[in-house]
Amino acid sequence: MKYKVNAMPIRVDDEVKVLRGAKDGRGKDGHKGVKGKEGKVVAVVRKKYAIHVERCERDNVKGKAVFIPIDPSNVVITSLKMDRNRRDILTRRALASDKTGGASGNK
């Protein structure tokens with residue numbers, strides 16, 4: 001792990017890879033699958049517990065491209081958009097994991 005943490009809150013502009021979902025047009029709406037796709041997070045819809053990823057789209061009935069809502073537990077963050085607050089969180093967690101002996105605690 002690059003940052004020595006197991007989990008981080010997801011934000012817009014983080015780069016993610018989708019690990020779960022339909023792969024080849026087996027989506028419940030008949031859309032192309034999203035499994036294995038990578039892209040930036042375009043929106044975080046907290047009300048629906050979903051995120052929208054850049055290249056995960058389908059056409060609606062009118063022919064307009066709309067984002068497929070993806071559950072955040074089905075993705076892995078490949079690259080973080082760093083800012084001061086996130087850097088502070090990562091350094092604090094890295095120090096705590098060094099004191100306890102690892103990212104997952106004493107096991």
# chains A, B, ... in the order shown; residues from 1 in each chain; ligands from 1
$ select_by_dssp --residues "chain A" --states "alpha helix (DSSP H)" --output "ChimeraX atom specification"
/A:84-100
$ closest_atom_pairs --of "segment 68-87 of chain A" --to "segment 33-56 of chain A" --cutoff "9 Å" --atoms "only C-alpha atoms" --output "JSON lines"
{"residue": "A:Ile68", "atom": "CA", "partner": "A:Cys56", "partner_atom": "CA", "distance": 5.9}
{"residue": "A:Pro69", "atom": "CA", "partner": "A:His52", "partner_atom": "CA", "distance": 5.4}
{"residue": "A:Ile70", "atom": "CA", "partner": "A:Ala50", "partner_atom": "CA", "distance": 5.2}
{"residue": "A:Asp71", "atom": "CA", "partner": "A:Ala50", "partner_atom": "CA", "distance": 4.7}
{"residue": "A:Pro72", "atom": "CA", "partner": "A:Ala50", "partner_atom": "CA", "distance": 6.1}
{"residue": "A:Thr78", "atom": "CA", "partner": "A:Glu38", "partner_atom": "CA", "distance": 8.7}
$ residues_around --residues "Tyr3 of chain A" --least-positions-apart "4" --cutoff "12 Å" --atoms "only C-alpha atoms" --output "mmCIF file with N, CA, C and O atoms, in the first residue's frame"
data_model
loop_
_atom_site.group_PDB
_atom_site.id
_atom_site.type_symbol
_atom_site.label_atom_id
_atom_site.label_comp_id
_atom_site.auth_asym_id
_atom_site.auth_seq_id
_atom_site.Cartn_x
_atom_site.Cartn_y
_atom_site.Cartn_z
ATOM 1 N N ALA A 7 -8.368 2.322 4.394
ATOM 2 C CA ALA A 7 -9.583 2.973 3.903
ATOM 3 C C ALA A 7 -9.442 4.481 4.013
ATOM 4 O O ALA A 7 -8.786 4.999 4.917
ATOM 5 N N MET A 8 -10.071 5.158 3.062
ATOM 6 C CA MET A 8 -10.143 6.622 3.063
ATOM 7 C C MET A 8 -11.516 7.022 2.544
ATOM 8 O O MET A 8 -12.066 6.342 1.677
ATOM 9 N N ILE A 77 -9.612 2.711 -4.533
ATOM 10 C CA ILE A 77 -9.002 3.985 -4.900
ATOM 11 C C ILE A 77 -7.592 3.712 -5.391
ATOM 12 O O ILE A 77 -6.778 3.126 -4.676
ATOM 13 N N THR A 78 -7.287 4.133 -6.620
ATOM 14 C CA THR A 78 -5.946 3.932 -7.168
ATOM 15 C C THR A 78 -5.076 5.162 -6.978
ATOM 16 O O THR A 78 -3.856 5.042 -6.885
ATOM 17 N N SER A 79 -5.681 6.335 -6.933
ATOM 18 C CA SER A 79 -4.908 7.561 -6.754
ATOM 19 C C SER A 79 -5.765 8.575 -6.012
ATOM 20 O O SER A 79 -6.927 8.789 -6.355
ATOM 21 N N LEU A 80 -5.188 9.198 -5.001
ATOM 22 C CA LEU A 80 -5.903 10.190 -4.209
ATOM 23 C C LEU A 80 -5.637 11.589 -4.737
ATOM 24 O O LEU A 80 -4.527 11.882 -5.199
ATOM 25 N N MET A 82 -4.679 14.820 -3.531
ATOM 26 C CA MET A 82 -4.092 15.248 -2.264
ATOM 27 C C MET A 82 -4.359 16.725 -2.005
ATOM 28 O O MET A 82 -4.284 17.554 -2.898
ATOM 29 N N ARG A 86 -6.057 15.933 3.689
ATOM 30 C CA ARG A 86 -5.806 14.512 3.444
ATOM 31 C C ARG A 86 -4.376 14.130 3.800
ATOM 32 O O ARG A 86 -4.127 13.049 4.308
ATOM 33 N N ARG A 87 -3.444 15.006 3.510
ATOM 34 C CA ARG A 87 -2.049 14.725 3.853
ATOM 35 C C ARG A 87 -1.894 14.593 5.364
ATOM 36 O O ARG A 87 -1.203 13.704 5.866
ATOM 37 N N ASP A 88 -2.578 15.463 6.121
ATOM 38 C CA ASP A 88 -2.536 15.387 7.582
ATOM 39 C C ASP A 88 -3.142 14.078 8.084
ATOM 40 O O ASP A 88 -2.613 13.451 9.000
ATOM 41 N N ILE A 89 -4.264 13.667 7.486
ATOM 42 C CA ILE A 89 -4.911 12.409 7.878
ATOM 43 C C ILE A 89 -3.969 11.234 7.627
ATOM 44 O O ILE A 89 -3.808 10.349 8.470
ATOM 45 N N LEU A 90 -3.336 11.218 6.454
ATOM 46 C CA LEU A 90 -2.449 10.108 6.106
ATOM 47 C C LEU A 90 -1.226 10.038 7.005
ATOM 48 O O LEU A 90 -0.821 8.953 7.428
ATOM 49 N N THR A 91 -0.639 11.179 7.331
ATOM 50 C CA THR A 91 0.524 11.158 8.218
ATOM 51 C C THR A 91 0.123 10.712 9.617
ATOM 52 O O THR A 91 0.843 9.946 10.257
ATOM 53 N N ARG A 92 -1.056 11.154 10.085
ATOM 54 C CA ARG A 92 -1.519 10.742 11.414
ATOM 55 C C ARG A 92 -1.775 9.245 11.461
ATOM 56 O O ARG A 92 -1.378 8.548 12.403
ATOM 57 N N ARG A 93 -2.406 8.712 10.414
ATOM 58 C CA ARG A 93 -2.683 7.277 10.382
ATOM 59 C C ARG A 93 -1.406 6.459 10.212
ATOM 60 O O ARG A 93 -1.281 5.372 10.772
ATOM 61 N N ALA A 94 -0.452 6.967 9.431
ATOM 62 C CA ALA A 94 0.811 6.251 9.244
ATOM 63 C C ALA A 94 1.582 6.175 10.552
ATOM 64 O O ALA A 94 2.157 5.140 10.884
ATOM 65 N N LEU A 95 1.580 7.267 11.322
ATOM 66 C CA LEU A 95 2.253 7.251 12.624
ATOM 67 C C LEU A 95 1.579 6.263 13.566
ATOM 68 O O LEU A 95 2.239 5.530 14.298
ATOM 69 N N SER A 97 -0.117 3.583 12.720
ATOM 70 C CA SER A 97 0.130 2.208 12.294
ATOM 71 C C SER A 97 1.558 1.784 12.598
ATOM 72 O O SER A 97 1.814 0.617 12.874
ATOM 73 N N GLY A 102 1.530 -2.062 12.234
ATOM 74 C CA GLY A 102 0.989 -2.355 10.916
ATOM 75 C C GLY A 102 -0.274 -1.591 10.635
ATOM 76 O O GLY A 102 -0.864 -0.979 11.536
ATOM 77 N N ALA A 103 -0.717 -1.659 9.387
ATOM 78 C CA ALA A 103 -1.914 -0.934 8.983
ATOM 79 C C ALA A 103 -3.177 -1.546 9.569
ATOM 80 O O ALA A 103 -4.177 -0.885 9.746
#
$ atom_distance --atom1 "atom CA of Val76 of chain A" --atom2 "atom CA of Lys99 of chain A"
25.8 Å
$ atom_distance --atom1 "atom CA of Lys4 of chain A" --atom2 "atom CA of Gly101 of chain A"
11.3 Å
$ select_by_dssp --residues "segment 19-105 of chain A" --states "strand (DSSP E)" --output "count of residues only"
23
$ decode --residues "segment 69-80 of chain A" --atoms "all heavy atoms" --output "compact mmCIF listing (two decimals), in the first residue's frame"
# COMPACT_ATOMS: atom_id res chain seq x y z
N PRO A 69 -24.81 4.69 -11.29
CA PRO A 69 -24.43 4.80 -9.88
C PRO A 69 -23.73 3.54 -9.40
O PRO A 69 -24.19 2.43 -9.65
CB PRO A 69 -25.77 5.02 -9.17
CG PRO A 69 -26.80 4.53 -10.11
CD PRO A 69 -26.24 4.64 -11.49
N ILE A 70 -22.60 3.72 -8.74
CA ILE A 70 -21.79 2.60 -8.27
C ILE A 70 -21.64 2.73 -6.77
O ILE A 70 -21.36 3.82 -6.25
CB ILE A 70 -20.41 2.61 -8.95
CG1 ILE A 70 -20.58 2.49 -10.46
CG2 ILE A 70 -19.54 1.49 -8.42
CD1 ILE A 70 -19.32 2.73 -11.23
N ASP A 71 -21.80 1.62 -6.07
CA ASP A 71 -21.61 1.62 -4.62
C ASP A 71 -20.12 1.79 -4.32
O ASP A 71 -19.29 1.11 -4.91
CB ASP A 71 -22.14 0.32 -4.03
CG ASP A 71 -22.27 0.38 -2.54
OD1 ASP A 71 -21.25 0.10 -1.85
OD2 ASP A 71 -23.34 0.71 -2.04
N PRO A 72 -19.76 2.67 -3.39
CA PRO A 72 -18.34 2.89 -3.10
C PRO A 72 -17.60 1.67 -2.58
O PRO A 72 -16.38 1.59 -2.70
CB PRO A 72 -18.35 4.00 -2.05
CG PRO A 72 -19.66 4.64 -2.17
CD PRO A 72 -20.61 3.61 -2.67
N SER A 73 -18.32 0.70 -2.02
CA SER A 73 -17.65 -0.50 -1.54
C SER A 73 -17.19 -1.40 -2.68
O SER A 73 -16.42 -2.33 -2.46
CB SER A 73 -18.58 -1.29 -0.61
OG SER A 73 -19.70 -1.78 -1.34
N ASN A 74 -17.65 -1.13 -3.90
CA ASN A 74 -17.30 -1.94 -5.05
C ASN A 74 -16.13 -1.37 -5.84
O ASN A 74 -15.86 -1.83 -6.94
CB ASN A 74 -18.50 -2.11 -5.98
CG ASN A 74 -19.62 -2.87 -5.32
OD1 ASN A 74 -19.39 -3.66 -4.41
ND2 ASN A 74 -20.84 -2.64 -5.75
N VAL A 75 -15.47 -0.36 -5.31
CA VAL A 75 -14.33 0.23 -6.01
C VAL A 75 -13.12 0.26 -5.09
O VAL A 75 -13.24 0.14 -3.87
CB VAL A 75 -14.64 1.67 -6.50
CG1 VAL A 75 -15.82 1.69 -7.44
CG2 VAL A 75 -14.86 2.62 -5.35
N VAL A 76 -11.95 0.40 -5.71
CA VAL A 76 -10.72 0.60 -4.96
C VAL A 76 -10.10 1.90 -5.46
O VAL A 76 -10.10 2.18 -6.66
CB VAL A 76 -9.75 -0.60 -5.10
CG1 VAL A 76 -9.30 -0.78 -6.53
CG2 VAL A 76 -8.55 -0.44 -4.20
N ILE A 77 -9.61 2.71 -4.53
CA ILE A 77 -9.00 3.98 -4.90
C ILE A 77 -7.59 3.71 -5.39
O ILE A 77 -6.78 3.13 -4.68
CB ILE A 77 -8.98 4.96 -3.71
CG1 ILE A 77 -10.40 5.23 -3.21
CG2 ILE A 77 -8.31 6.26 -4.10
CD1 ILE A 77 -10.45 6.05 -1.94
N THR A 78 -7.29 4.13 -6.62
CA THR A 78 -5.95 3.93 -7.17
C THR A 78 -5.08 5.16 -6.98
O THR A 78 -3.86 5.04 -6.89
CB THR A 78 -6.02 3.59 -8.67
OG1 THR A 78 -6.71 4.62 -9.36
CG2 THR A 78 -6.73 2.27 -8.87
N SER A 79 -5.68 6.34 -6.93
CA SER A 79 -4.91 7.56 -6.75
C SER A 79 -5.76 8.57 -6.01
O SER A 79 -6.93 8.79 -6.36
CB SER A 79 -4.49 8.12 -8.12
OG SER A 79 -3.84 9.35 -7.96
N LEU A 80 -5.19 9.20 -5.00
CA LEU A 80 -5.90 10.19 -4.21
C LEU A 80 -5.64 11.59 -4.74
O LEU A 80 -4.53 11.88 -5.20
CB LEU A 80 -5.44 10.15 -2.75
CG LEU A 80 -5.78 8.91 -1.95
CD1 LEU A 80 -5.08 8.98 -0.61
CD2 LEU A 80 -7.26 8.79 -1.75
